[in-house]
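Here's upload-v3.txt, which has compact mmCIF, C-alpha atoms:
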```txt
# COMPACT_ATOMS: atom_id res chain seq x y z
CA GLN Q 1 -50.10 154.33 -24.42
CA VAL Q 2 -46.77 152.81 -23.48
CA GLN Q 3 -43.71 155.00 -23.72
CA LEU Q 4 -40.07 154.22 -23.08
CA VAL Q 5 -37.72 157.16 -22.69
CA GLU Q 6 -33.98 156.68 -22.42
CA SER Q 7 -31.43 159.06 -20.98
CA GLY Q 8 -27.87 159.05 -19.71
CA GLY Q 9 -25.91 158.71 -22.92
CA GLY Q 10 -22.93 160.89 -23.68
CA SER Q 11 -19.30 161.00 -24.68
CA VAL Q 12 -16.61 159.44 -22.50
CA GLN Q 13 -13.06 158.27 -22.83
CA ALA Q 14 -12.17 154.62 -22.87
CA GLY Q 15 -12.25 153.19 -19.38
CA GLY Q 16 -14.97 155.56 -18.27
CA SER Q 17 -18.49 154.85 -17.08
CA LEU Q 18 -22.03 155.83 -17.94
CA ARG Q 19 -25.40 154.90 -16.53
CA LEU Q 20 -28.35 154.68 -18.86
CA SER Q 21 -31.92 155.01 -17.63
CA CYS Q 22 -35.17 154.02 -19.27
CA VAL Q 23 -38.38 155.34 -17.78
CA ALA Q 24 -41.50 153.41 -18.73
CA SER Q 25 -44.93 155.00 -18.64
CA GLY Q 26 -48.40 153.87 -19.56
CA TYR Q 27 -49.65 150.27 -19.20
CA THR Q 28 -46.34 148.83 -18.08
CA TYR Q 29 -47.00 146.82 -14.93
CA SER Q 30 -47.12 143.49 -16.71
CA PHE Q 31 -43.99 143.78 -18.86
CA ASN Q 32 -42.38 140.35 -18.86
CA CYS Q 33 -39.02 141.31 -20.28
CA MET Q 34 -37.06 144.53 -20.58
CA GLY Q 35 -33.71 145.00 -22.16
CA TRP Q 36 -31.09 147.15 -23.80
CA PHE Q 37 -30.03 146.93 -27.42
CA ARG Q 38 -27.49 148.91 -29.37
CA GLN Q 39 -26.82 149.72 -32.98
CA GLY Q 40 -23.54 151.08 -34.24
CA PRO Q 41 -22.99 152.75 -37.62
CA GLY Q 42 -23.49 150.22 -40.39
CA LYS Q 43 -24.24 147.45 -37.93
CA GLU Q 44 -27.30 145.46 -37.03
CA ARG Q 45 -29.11 146.05 -33.80
CA GLU Q 46 -27.77 143.72 -31.14
CA GLY Q 47 -28.83 142.71 -27.67
CA VAL Q 48 -26.72 144.08 -24.84
CA ALA Q 49 -28.57 142.95 -21.73
CA ALA Q 50 -32.03 141.96 -20.64
CA MET Q 51 -33.96 141.22 -17.49
CA HIS Q 52 -36.94 139.00 -16.76
CA THR Q 53 -38.97 141.47 -14.72
CA ARG Q 54 -40.78 138.82 -12.68
CA ASP Q 55 -38.03 136.45 -11.57
CA GLY Q 56 -35.09 138.81 -11.90
CA SER Q 57 -33.07 136.69 -14.31
CA THR Q 58 -30.51 138.70 -16.21
CA TYR Q 59 -28.78 138.09 -19.52
CA TYR Q 60 -25.76 139.73 -21.10
CA ALA Q 61 -23.97 139.72 -24.40
CA ASP Q 62 -20.53 138.14 -24.08
CA SER Q 63 -18.94 141.42 -25.14
CA VAL Q 64 -20.26 143.26 -22.07
CA LYS Q 65 -20.21 140.61 -19.36
CA GLY Q 66 -18.37 141.80 -16.28
CA ARG Q 67 -18.56 145.43 -17.40
CA PHE Q 68 -22.30 146.20 -17.71
CA THR Q 69 -25.01 145.64 -15.14
CA ILE Q 70 -28.74 145.74 -15.82
CA SER Q 71 -31.16 146.47 -13.01
CA GLN Q 72 -34.63 147.83 -12.39
CA ASP Q 73 -36.17 150.29 -9.99
CA ASN Q 74 -39.76 149.13 -9.78
CA ALA Q 75 -40.86 152.07 -7.68
CA LYS Q 76 -39.81 154.41 -10.46
CA ASN Q 77 -40.70 152.16 -13.42
CA THR Q 78 -37.10 152.53 -14.50
CA LEU Q 79 -34.67 150.18 -16.18
CA LEU Q 80 -30.99 150.93 -15.66
CA LEU Q 81 -27.79 149.95 -17.40
CA GLN Q 82 -24.57 150.66 -15.57
CA MET Q 83 -21.71 150.61 -18.04
CA ASN Q 84 -18.15 150.48 -16.72
CA SER Q 85 -14.77 150.07 -18.40
CA LEU Q 86 -16.21 151.40 -21.62
CA LYS Q 87 -14.42 150.64 -24.88
CA PRO Q 88 -14.52 152.41 -28.25
CA GLU Q 89 -16.39 149.41 -29.65
CA ASP Q 90 -19.23 150.17 -27.25
CA THR Q 91 -19.98 153.28 -29.29
CA ALA Q 92 -23.57 153.02 -30.55
CA MET Q 93 -27.11 154.22 -30.18
CA TYR Q 94 -28.57 152.42 -27.18
CA TYR Q 95 -32.24 151.50 -27.12
CA CYS Q 96 -34.50 150.38 -24.32
CA ALA Q 97 -37.00 147.68 -25.21
CA ALA Q 98 -39.85 145.91 -23.47
CA ASP Q 99 -42.51 143.32 -24.11
CA TYR Q 100 -45.37 141.58 -22.36
CA GLY Q 101 -45.11 138.18 -23.93
CA SER Q 102 -41.41 137.73 -24.61
CA ASP Q 103 -40.03 134.42 -23.35
CA CYS Q 104 -37.06 136.32 -21.93
CA THR Q 105 -34.84 133.29 -21.78
CA SER Q 106 -31.19 132.74 -22.52
CA GLY Q 107 -32.15 131.53 -25.97
CA SER Q 108 -34.40 134.43 -26.95
CA TRP Q 109 -33.67 137.66 -25.09
CA TYR Q 110 -31.19 139.01 -27.65
CA ARG Q 111 -33.61 138.98 -30.60
CA PRO Q 112 -35.01 142.45 -31.35
CA VAL Q 113 -38.07 140.85 -32.97
CA GLY Q 114 -39.18 139.65 -29.55
CA PHE Q 115 -39.76 143.16 -28.25
CA GLY Q 116 -42.78 145.22 -29.21
CA TYR Q 117 -41.98 148.48 -27.47
CA TRP Q 118 -38.92 150.62 -28.06
CA GLY Q 119 -37.51 153.92 -26.89
CA GLN Q 120 -36.05 156.54 -29.17
CA GLY Q 121 -32.46 155.77 -28.21
CA THR Q 122 -29.60 157.54 -26.49
CA GLN Q 123 -26.17 157.93 -28.04
CA VAL Q 124 -23.05 156.57 -26.35
CA THR Q 125 -19.68 157.57 -27.77
CA VAL Q 126 -16.44 156.20 -26.37
CA SER Q 127 -13.18 157.71 -27.54
CA SER Q 128 -9.79 156.05 -27.32
```
What do you get writing this file as structure tokens?
Amino acid sequence: QVQLVESGGGSVQAGGSLRLSCVASGYTYSFNCMGWFRQGPGKEREGVAAMHTRDGSTYYADSVKGRFTISQDNAKNTLLLQMNSLKPEDTAMYYCAADYGSDCTSGSWYRPVGFGYWGQGTQVTVSS
């Protein structure tokens, strides 16, 4: 059984940094795409960043480019999201997602429907 468990969320002031981790367990070796999504109060879930686990391609939402970095630690089956220069508008529940068959391209990575496995989320709150 596949499980994704996020950690690293918290409360920071604007301009601060956080690093989110997502540990994958179970039948995970053939995940094609892994990513981070977020959902703020009263908002739809949106893609933040994603990574093609085989060729290393990365994708970012325009709102986080230059501030967030997605990476993976294969030895630890862990997906990371380094978040710098945080803004109040980054406040949301952040979810890790993964899928075996996702195309994981620039035209598809940001669609939640393309991911079949989700973590429980970790809250990020940025105060001004």
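Between atom CA of Gly10 of chain Q and atom CA of Trp118 of chain Q the interatomic distance comes to 19.5 Å.
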Coordinates of box centre and edge lengths for segment 58-67 of chain Q, 8 Å on every side, axis-aligned, as JSON:
```
{"center_x": -24.4, "center_y": 141.8, "center_z": -20.7, "size_x": 28.1, "size_y": 23.3, "size_z": 24.9}
```
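Closest approach to Thr53 of chain Q among Q:Leu80, Q:Cys96, Q:Cys33, Q:Val126: Q:Cys33, based on all atoms listed in the file.
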Problem - Using only C-alpha atoms: which of Q:Cys104, Q:Ala50, Q:Val124, Q:Met34 has the shortest distance to Lys87 of chain Q - result: Q:Val124
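One distance worth recording is that between atom CA of Asp73 of chain Q and atom CA of Thr91 of chain Q, which is 25.4 Å.
Reported to one decimal place, the separation of atom CA of Tyr27 of chain Q from atom CA of Phe68 of chain Q is 27.7 Å.
With only C-alpha atoms as the atoms that count, the minimum distance from Thr105 of chain Q to the choices Q:Gly56, Q:Gly26, Q:Gly40, Q:Gly16 is reached by Q:Gly56.
Counting all atoms listed in the file and comparing Q:Gly66, Q:Gly42, Q:Pro88, Q:Gly35, the residue that lies closest to Pro112 of chain Q is Q:Gly35.
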Practice task
Within 9 Å of segment 92-95 of chain Q, counting all atoms listed in the file, which residues show up once you throw out same-chain ones fewer than 3 positions away? Write them as JSON, numbers by chain, please.
Solution key: {"Q": [6, 9, 20, 22, 35, 36, 37, 38, 39, 40, 41, 48, 89, 118, 119, 120, 121, 122, 123, 124, 125, 126]}
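When only C-alpha atoms are used to compute distances to Ala24 of chain Q, the closest of the residues Q:Leu86, Q:Val113, Q:Ala98, Q:Ala49 turns out to be Q:Ala98.
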Practice task
Around the point (-31.7, 135.6, -24.5), in the coordinates given by the file, pick out the residues reaching within 9 Å, counting only C-alpha atoms, and return them as number ranges by chain.
Solution key: Q: 47, 49-50, 58-61, 103-111
